[in-house]
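Text of the file input29.cif, holding mmCIF, C-alpha atoms:
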```
data_my_file
loop_
_atom_site.label_atom_id
_atom_site.label_comp_id
_atom_site.auth_asym_id
_atom_site.auth_seq_id
_atom_site.Cartn_x
_atom_site.Cartn_y
_atom_site.Cartn_z
CA MET A 26 111.47 89.81 105.81
CA THR A 27 112.99 91.11 102.57
CA SER A 28 111.36 88.34 100.54
CA ILE A 29 107.91 89.24 101.96
CA PHE A 30 108.46 92.91 101.08
CA SER A 31 109.62 91.96 97.56
CA ALA A 32 106.57 89.76 97.11
CA MET A 33 104.25 92.57 98.24
CA VAL A 34 105.87 95.07 95.83
CA PHE A 35 105.58 92.51 93.04
CA LEU A 36 101.91 91.85 93.90
CA VAL A 37 100.97 95.55 94.08
CA PHE A 38 102.75 96.28 90.79
CA PHE A 39 100.93 93.53 88.91
CA LEU A 40 97.62 94.39 90.53
CA ALA A 41 97.96 98.01 89.38
CA LEU A 42 99.03 96.86 85.92
CA GLY A 43 96.00 94.54 85.75
CA ILE A 44 93.62 97.36 86.71
CA ILE A 45 95.11 99.65 84.05
CA LEU A 46 94.82 96.95 81.39
CA LEU A 47 91.23 96.18 82.40
CA GLN A 48 90.28 99.87 82.06
CA LEU A 49 91.95 100.07 78.64
CA ILE A 50 90.05 97.00 77.45
CA ARG A 51 86.74 98.35 78.77
CA GLY A 52 87.36 101.73 77.11
CA ALA A 53 88.19 100.10 73.78
CA GLY A 54 85.06 97.95 74.03
CA GLN A 55 82.84 100.99 74.70
CA TRP A 56 84.50 102.89 71.83
CA ASN A 57 83.81 99.93 69.51
CA ARG A 58 80.16 99.63 70.63
CA ASN A 59 79.65 103.36 70.08
CA ASN A 60 81.14 103.12 66.58
CA HIS A 61 78.72 100.32 65.68
CA ALA A 62 75.65 102.02 67.19
CA PRO A 63 73.36 104.07 64.93
CA ARG A 64 73.45 107.86 65.07
CA LEU A 65 70.12 108.84 66.57
CA PRO A 66 68.51 112.28 66.36
CA VAL A 67 65.72 112.61 68.96
CA SER A 68 63.61 115.43 70.36
CA ALA A 69 64.86 116.25 73.84
CA VAL A 70 64.82 118.80 76.65
CA VAL A 71 67.85 119.76 78.74
CA ALA A 72 66.75 118.42 82.14
CA ALA A 73 69.86 119.23 84.18
CA THR A 74 73.41 120.51 83.93
CA ARG A 75 76.23 119.97 86.38
CA GLY A 76 79.95 120.38 86.72
CA ASP A 77 82.26 118.15 88.71
CA VAL A 78 85.25 120.15 90.00
CA ILE A 79 88.38 118.31 91.12
CA HIS A 80 91.14 120.14 92.96
CA HIS A 81 94.74 118.98 92.64
CA HIS A 82 97.50 119.99 95.02
CA HIS A 83 101.10 119.34 94.06
CA ASP A 84 103.95 119.80 96.52
CA ALA A 85 107.42 119.71 95.00
CA GLY A 86 110.25 120.44 97.39
CA GLY A 87 108.20 122.66 99.68
CA VAL A 88 106.73 124.69 96.80
CA GLY A 89 103.00 124.10 96.52
CA HIS A 90 100.90 124.39 93.40
CA THR A 91 97.13 124.06 93.26
CA ALA A 92 95.12 123.40 90.12
CA SER A 93 91.58 122.37 89.41
CA SER A 94 89.77 120.74 86.53
CA THR A 95 86.07 120.61 85.74
CA THR A 96 84.16 117.86 83.98
CA TYR A 97 80.80 118.95 82.57
CA TYR A 98 77.66 116.80 82.33
CA VAL A 99 74.25 117.45 80.78
CA THR A 100 71.14 115.32 81.32
CA PHE A 101 68.62 115.22 78.48
CA GLN A 102 65.04 113.98 78.74
CA VAL A 103 63.54 112.51 75.58
CA ALA A 104 59.86 112.26 74.62
CA SER A 105 59.53 108.73 76.10
CA GLY A 106 60.52 110.13 79.51
CA ASP A 107 63.93 108.45 79.52
CA ARG A 108 66.89 110.49 80.69
CA MET A 109 70.41 110.31 79.32
CA GLU A 110 73.50 111.97 80.74
CA PHE A 111 76.47 112.86 78.55
CA GLN A 112 79.86 114.34 79.30
CA LEU A 113 80.45 117.53 77.30
CA ASP A 114 83.34 119.90 76.84
CA GLY A 115 83.13 123.34 78.43
CA ARG A 116 82.29 125.13 75.16
CA GLU A 117 79.25 122.93 74.44
CA TYR A 118 78.19 122.98 78.10
CA GLY A 119 78.20 126.77 78.16
CA LEU A 120 75.72 126.94 75.28
CA LEU A 121 73.06 124.85 77.05
CA ALA A 122 70.63 125.79 79.81
CA GLU A 123 68.05 123.77 81.69
CA GLY A 124 64.75 123.81 79.82
CA ASP A 125 66.28 124.19 76.34
CA GLN A 126 64.31 122.18 73.78
CA GLY A 127 65.70 120.80 70.58
CA GLU A 128 67.16 117.81 68.80
CA LEU A 129 69.77 115.68 70.56
CA THR A 130 72.04 113.58 68.37
CA PHE A 131 73.96 110.73 69.97
CA GLN A 132 75.64 107.46 69.08
CA GLY A 133 75.60 104.87 71.85
CA THR A 134 77.00 106.69 74.87
CA ARG A 135 78.69 109.35 72.70
CA TYR A 136 77.19 112.86 72.57
CA LEU A 137 77.26 114.26 69.04
CA GLY A 138 75.34 117.52 69.40
CA PHE A 139 72.23 119.42 70.37
CA GLN A 140 70.37 121.75 68.02
CA ARG A 141 68.14 124.17 69.91
CA MET A 142 64.65 124.78 68.43
#
```

Encoded form (structure tokens):
Amino acid sequence: MTSIFSAMVFLVFFLALGIILLQLIRGAGQWNRNNHAPRLPVSAVVAATRGDVIHHHHDAGGVGHTASSTTYYVTFQVASGDRMEFQLDGREYGLLAEGDQGELTFQGTRYLGFQRM
């Protein structure tokens, strides 16, 4: 029974390690593709904004602590009708509203800025 338990722990550990390594490799590949993509300024309209709130609850020795974090996303529609969604920080997100028109600058999947007209 102990050998089965040891094998399961070993398997779960290496499975988790493999998933972490796979995500690191994918992230590095996306970073590299973005770096090699051209910086494109295009006319765009802010089509939608949204925030994704995640609540975290930590319980340490009977003392609870709750925290939350928000990830902000903005969807832009370009002249061709295509839509692109980018993750923004809270400061940039707060400056944009649906319907804003201007020039979106991006590089691959990386948001670089939006200049309102």

Listed atoms of region 88-107 of chain A boxed axis-aligned with 4 Å per side, centre + edges as AutoDock Vina command-line options:
```
--center_x 83.1 --center_y 116.6 --center_z 85.7 --size_x 55.2 --size_y 24.2 --size_z 30.2
```

So how many Å separate CA of Ile79 (chain A) and CA of Tyr118 (chain A), to one decimal?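 These two atoms are separated by 17.2 Å.
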
Just say which residues the PyMOL selection byres ((chain A and resi 94) around 7) picks in this file, as a list in words.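 This file gives the following for the PyMOL selection byres ((chain A and resi 94) around 7): Val78, Ile79, His80, Ala92, Ser93, Thr95 and Thr96 of chain A.
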
For the structure shown, which residues end up in the PyMOL selection byres ((chain A and resi 100) around 8)? Put them as a ChimeraX atom specification, please? /A:71-74,98-99,101-102,108-111

How many Å separate CA of Arg64 (chain A) from CA of Gln48 (chain A)?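 Going from CA of Arg64 (chain A) over to CA of Gln48 (chain A) covers 25.2 Å.
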
Atom pair CA of Ala69 (chain A) / CA of Glu128 (chain A): separation (Å):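 About the pair CA of Ala69 (chain A) and CA of Glu128 (chain A): they are 5.8 Å apart.
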
As a check of understanding, name the residues that the PyMOL selection byres ((chain A and resi 131) around 9) selects in the supplied structure, as a ChimeraX atom specification. /A:63-67,129-130,132-139

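Using all atoms listed in the file, the shortest contact distance between Ala122 (chain A) and any of A:Ala85, A:Val70, A:Ala104, A:Met142 is found at A:Val70.
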
I'd like to know which of A:Tyr97, A:Asp107, A:Ser28, A:Thr91 is closest to Leu120 (chain A), using all atoms listed in the file.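 Of all the options, A:Tyr97 lies closest to Leu120 (chain A).
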
Reconstruct all heavy atoms of region 109-120 of chain A from the incomplete input and present them as a PDB file, keeping the file's coordinate frame.
```
ATOM      1  N   MET A 109      69.061 110.720  79.689  1.00  0.00           N
ATOM      2  CA  MET A 109      70.410 110.310  79.320  1.00  0.00           C
ATOM      3  C   MET A 109      71.386 111.403  79.721  1.00  0.00           C
ATOM      4  O   MET A 109      71.122 112.576  79.469  1.00  0.00           O
ATOM      5  CB  MET A 109      70.505 110.078  77.808  1.00  0.00           C
ATOM      6  CG  MET A 109      69.656 108.930  77.318  1.00  0.00           C
ATOM      7  SD  MET A 109      69.757 108.759  75.540  1.00  0.00           S
ATOM      8  CE  MET A 109      68.600 110.020  75.041  1.00  0.00           C
ATOM      9  N   GLU A 110      72.484 111.004  80.346  1.00  0.00           N
ATOM     10  CA  GLU A 110      73.500 111.970  80.740  1.00  0.00           C
ATOM     11  C   GLU A 110      74.734 111.773  79.884  1.00  0.00           C
ATOM     12  O   GLU A 110      75.196 110.648  79.673  1.00  0.00           O
ATOM     13  CB  GLU A 110      73.862 111.797  82.217  1.00  0.00           C
ATOM     14  CG  GLU A 110      74.871 112.833  82.687  1.00  0.00           C
ATOM     15  CD  GLU A 110      75.185 112.713  84.155  1.00  0.00           C
ATOM     16  OE1 GLU A 110      75.795 111.701  84.546  1.00  0.00           O
ATOM     17  OE2 GLU A 110      74.819 113.639  84.901  1.00  0.00           O
ATOM     18  N   PHE A 111      75.273 112.892  79.381  1.00  0.00           N
ATOM     19  CA  PHE A 111      76.470 112.860  78.550  1.00  0.00           C
ATOM     20  C   PHE A 111      77.510 113.811  79.121  1.00  0.00           C
ATOM     21  O   PHE A 111      77.178 114.852  79.689  1.00  0.00           O
ATOM     22  CB  PHE A 111      76.148 113.303  77.115  1.00  0.00           C
ATOM     23  CG  PHE A 111      75.220 112.378  76.393  1.00  0.00           C
ATOM     24  CD1 PHE A 111      73.867 112.668  76.318  1.00  0.00           C
ATOM     25  CD2 PHE A 111      75.685 111.226  75.786  1.00  0.00           C
ATOM     26  CE1 PHE A 111      72.995 111.822  75.653  1.00  0.00           C
ATOM     27  CE2 PHE A 111      74.827 110.377  75.124  1.00  0.00           C
ATOM     28  CZ  PHE A 111      73.481 110.673  75.055  1.00  0.00           C
ATOM     29  N   GLN A 112      78.758 113.448  78.928  1.00  0.00           N
ATOM     30  CA  GLN A 112      79.860 114.340  79.300  1.00  0.00           C
ATOM     31  C   GLN A 112      80.140 115.240  78.105  1.00  0.00           C
ATOM     32  O   GLN A 112      80.260 114.767  76.973  1.00  0.00           O
ATOM     33  CB  GLN A 112      81.100 113.522  79.639  1.00  0.00           C
ATOM     34  CG  GLN A 112      82.273 114.361  80.069  1.00  0.00           C
ATOM     35  CD  GLN A 112      83.468 113.505  80.456  1.00  0.00           C
ATOM     36  OE1 GLN A 112      83.329 112.354  80.831  1.00  0.00           O
ATOM     37  NE2 GLN A 112      84.644 114.094  80.354  1.00  0.00           N
ATOM     38  N   LEU A 113      80.218 116.550  78.355  1.00  0.00           N
ATOM     39  CA  LEU A 113      80.450 117.530  77.300  1.00  0.00           C
ATOM     40  C   LEU A 113      81.694 118.348  77.610  1.00  0.00           C
ATOM     41  O   LEU A 113      82.103 118.445  78.764  1.00  0.00           O
ATOM     42  CB  LEU A 113      79.270 118.505  77.183  1.00  0.00           C
ATOM     43  CG  LEU A 113      78.058 118.077  76.365  1.00  0.00           C
ATOM     44  CD1 LEU A 113      77.340 116.918  76.976  1.00  0.00           C
ATOM     45  CD2 LEU A 113      77.123 119.252  76.197  1.00  0.00           C
ATOM     46  N   ASP A 114      82.247 118.973  76.585  1.00  0.00           N
ATOM     47  CA  ASP A 114      83.340 119.900  76.840  1.00  0.00           C
ATOM     48  C   ASP A 114      82.754 121.237  77.301  1.00  0.00           C
ATOM     49  O   ASP A 114      81.560 121.488  77.181  1.00  0.00           O
ATOM     50  CB  ASP A 114      84.249 120.061  75.616  1.00  0.00           C
ATOM     51  CG  ASP A 114      83.570 120.672  74.404  1.00  0.00           C
ATOM     52  OD1 ASP A 114      82.631 121.477  74.567  1.00  0.00           O
ATOM     53  OD2 ASP A 114      83.994 120.375  73.278  1.00  0.00           O
ATOM     54  N   GLY A 115      83.585 122.084  77.846  1.00  0.00           N
ATOM     55  CA  GLY A 115      83.130 123.340  78.430  1.00  0.00           C
ATOM     56  C   GLY A 115      82.441 124.260  77.439  1.00  0.00           C
ATOM     57  O   GLY A 115      81.488 124.970  77.781  1.00  0.00           O
ATOM     58  N   ARG A 116      82.884 124.266  76.178  1.00  0.00           N
ATOM     59  CA  ARG A 116      82.290 125.130  75.160  1.00  0.00           C
ATOM     60  C   ARG A 116      80.845 124.719  74.886  1.00  0.00           C
ATOM     61  O   ARG A 116      79.949 125.559  74.866  1.00  0.00           O
ATOM     62  CB  ARG A 116      83.123 125.056  73.880  1.00  0.00           C
ATOM     63  CG  ARG A 116      82.665 125.960  72.762  1.00  0.00           C
ATOM     64  CD  ARG A 116      83.515 125.795  71.511  1.00  0.00           C
ATOM     65  NE  ARG A 116      83.637 124.416  71.078  1.00  0.00           N
ATOM     66  CZ  ARG A 116      82.698 123.753  70.399  1.00  0.00           C
ATOM     67  NH1 ARG A 116      81.569 124.325  70.104  1.00  0.00           N
ATOM     68  NH2 ARG A 116      82.902 122.503  70.028  1.00  0.00           N
ATOM     69  N   GLU A 117      80.604 123.432  74.683  1.00  0.00           N
ATOM     70  CA  GLU A 117      79.250 122.930  74.440  1.00  0.00           C
ATOM     71  C   GLU A 117      78.364 123.141  75.671  1.00  0.00           C
ATOM     72  O   GLU A 117      77.216 123.525  75.564  1.00  0.00           O
ATOM     73  CB  GLU A 117      79.268 121.444  74.085  1.00  0.00           C
ATOM     74  CG  GLU A 117      79.842 121.132  72.730  1.00  0.00           C
ATOM     75  CD  GLU A 117      78.795 121.124  71.639  1.00  0.00           C
ATOM     76  OE1 GLU A 117      77.587 121.125  71.947  1.00  0.00           O
ATOM     77  OE2 GLU A 117      79.201 121.118  70.475  1.00  0.00           O
ATOM     78  N   TYR A 118      78.925 122.848  76.842  1.00  0.00           N
ATOM     79  CA  TYR A 118      78.190 122.980  78.100  1.00  0.00           C
ATOM     80  C   TYR A 118      77.698 124.413  78.294  1.00  0.00           C
ATOM     81  O   TYR A 118      76.569 124.638  78.709  1.00  0.00           O
ATOM     82  CB  TYR A 118      79.105 122.564  79.247  1.00  0.00           C
ATOM     83  CG  TYR A 118      78.506 122.734  80.623  1.00  0.00           C
ATOM     84  CD1 TYR A 118      77.699 121.751  81.171  1.00  0.00           C
ATOM     85  CD2 TYR A 118      78.763 123.873  81.379  1.00  0.00           C
ATOM     86  CE1 TYR A 118      77.161 121.889  82.441  1.00  0.00           C
ATOM     87  CE2 TYR A 118      78.231 124.028  82.647  1.00  0.00           C
ATOM     88  CZ  TYR A 118      77.426 123.036  83.170  1.00  0.00           C
ATOM     89  OH  TYR A 118      76.895 123.179  84.422  1.00  0.00           O
ATOM     90  N   GLY A 119      78.541 125.366  77.976  1.00  0.00           N
ATOM     91  CA  GLY A 119      78.200 126.770  78.160  1.00  0.00           C
ATOM     92  C   GLY A 119      77.073 127.262  77.283  1.00  0.00           C
ATOM     93  O   GLY A 119      76.450 128.288  77.564  1.00  0.00           O
ATOM     94  N   LEU A 120      76.788 126.545  76.208  1.00  0.00           N
ATOM     95  CA  LEU A 120      75.720 126.940  75.280  1.00  0.00           C
ATOM     96  C   LEU A 120      74.355 126.391  75.683  1.00  0.00           C
ATOM     97  O   LEU A 120      73.349 126.760  75.083  1.00  0.00           O
ATOM     98  CB  LEU A 120      76.056 126.464  73.859  1.00  0.00           C
ATOM     99  CG  LEU A 120      77.307 127.073  73.230  1.00  0.00           C
ATOM    100  CD1 LEU A 120      77.599 126.400  71.899  1.00  0.00           C
ATOM    101  CD2 LEU A 120      77.149 128.577  73.076  1.00  0.00           C
TER     102      LEU A 120
END
```
